[in-house]
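A.B. asks: I have a structure here, written as structure tokens, and I will follow up with some questions on it.
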Amino acid sequence: MSFATETEELVKDLVQAEYNNACINWGATYNSLHEGYAILLEEVEEVEHCIEQVRDKLDYIWSSIKLNRMEAVKSSVESFELHTKDTIKELAQCGAVLMKIKNTFN
């Protein structure tokens, strides 16, 4: 999938902002690659949880559409948007962790 150049830049900025925040709060590197892996695993598990919520909302939206429950669809779409944004934020944290892991090598 191709993204707009602006989107590409926003994603880079989002990951960089998360990385900068992590560096300020916990330093620019991990004590070991084991620590980096453990933190990455935790972040990936949080992404998986967000994806499960997105999937559940998608299924609920489809069920509501089939039953012609438009109010349920409207509220579910709003909730879906929130879960999507949470997923993006969690993925940005994964990117920040990966940046710290790369710094740990140096």
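Residues in the structure tokens are named by chain (A, B, ... in the order shown) and by number from 1 within that chain; ligands are numbered from 1 in the order shown.
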Quick one: residues within 9 Å of stretch 41-54 of chain A, only C-alpha atoms, excluding same-chain residues fewer than 6 positions away - as a list of chain:residue names?

C.D. replies: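 Residues meeting the cut-off are A:Ser79, A:Phe80, A:Glu81, A:His83, A:Thr84, A:Asp86, A:Thr87, A:Ile88, A:Lys89, A:Glu90, A:Leu91, A:Gln93, A:Cys94, A:Val97.
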
A.B. asks: Keeping N, CA and C atoms for every residue in the selection just given, could you write it to a file as a tab-separated table (two decimals), in the first residue's frame?

C.D. replies:
```tsv
chain	number	residue	atom	x	y	z
A	79	SER	N	-16.49	4.43	18.07
A	79	SER	CA	-15.65	3.61	18.93
A	79	SER	C	-14.52	2.97	18.12
A	80	PHE	N	-14.83	2.54	16.92
A	80	PHE	CA	-13.82	1.96	16.02
A	80	PHE	C	-12.69	2.96	15.77
A	81	GLU	N	-13.06	4.23	15.56
A	81	GLU	CA	-12.06	5.27	15.34
A	81	GLU	C	-11.13	5.40	16.54
A	83	HIS	N	-10.39	3.09	18.78
A	83	HIS	CA	-9.53	1.90	18.84
A	83	HIS	C	-8.45	1.94	17.76
A	84	THR	N	-8.79	2.48	16.60
A	84	THR	CA	-7.81	2.63	15.53
A	84	THR	C	-6.69	3.57	15.95
A	86	ASP	N	-5.78	4.27	19.02
A	86	ASP	CA	-5.00	3.60	20.06
A	86	ASP	C	-4.00	2.63	19.44
A	87	THR	N	-4.42	1.92	18.41
A	87	THR	CA	-3.53	0.98	17.73
A	87	THR	C	-2.36	1.71	17.10
A	88	ILE	N	-2.64	2.83	16.46
A	88	ILE	CA	-1.57	3.63	15.85
A	88	ILE	C	-0.57	4.08	16.92
A	89	LYS	N	-1.07	4.53	18.05
A	89	LYS	CA	-0.19	4.99	19.12
A	89	LYS	C	0.67	3.84	19.66
A	90	GLU	N	0.06	2.68	19.83
A	90	GLU	CA	0.83	1.52	20.31
A	90	GLU	C	1.91	1.12	19.30
A	91	LEU	N	1.56	1.18	18.01
A	91	LEU	CA	2.56	0.86	16.99
A	91	LEU	C	3.69	1.88	16.98
A	93	GLN	N	4.80	3.32	19.59
A	93	GLN	CA	5.67	2.92	20.70
A	93	GLN	C	6.55	1.74	20.31
A	94	CYS	N	6.04	0.83	19.50
A	94	CYS	CA	6.88	-0.27	18.99
A	94	CYS	C	8.05	0.30	18.19
A	97	VAL	N	10.62	1.72	20.54
A	97	VAL	CA	11.38	0.65	21.19
A	97	VAL	C	12.44	0.13	20.23
```

A.B. asks: Can you list, as an MDAnalysis selection string, every protein, DNA or RNA residue that comes within 8 Å of stretch 3-17 of chain A when you count only C-alpha atoms, leaving out same-chain residues fewer than 4 positions away?

C.D. replies: chainID A and resid 21 92:93 95:96

A.B. asks: Quick one: residues within 9 Å of A:Asn103, only C-alpha atoms counted, chain neighbours fewer than 2 positions away excluded, as JSON, numbers by chain?

C.D. replies: {"A": [28, 29, 30, 98, 99, 100, 101, 105, 106]}

A.B. asks: Find the distance between atom CA of A:Val77 and atom CA of A:Lys57 and write it in Å to one decimal.

C.D. replies: 7.8 Å
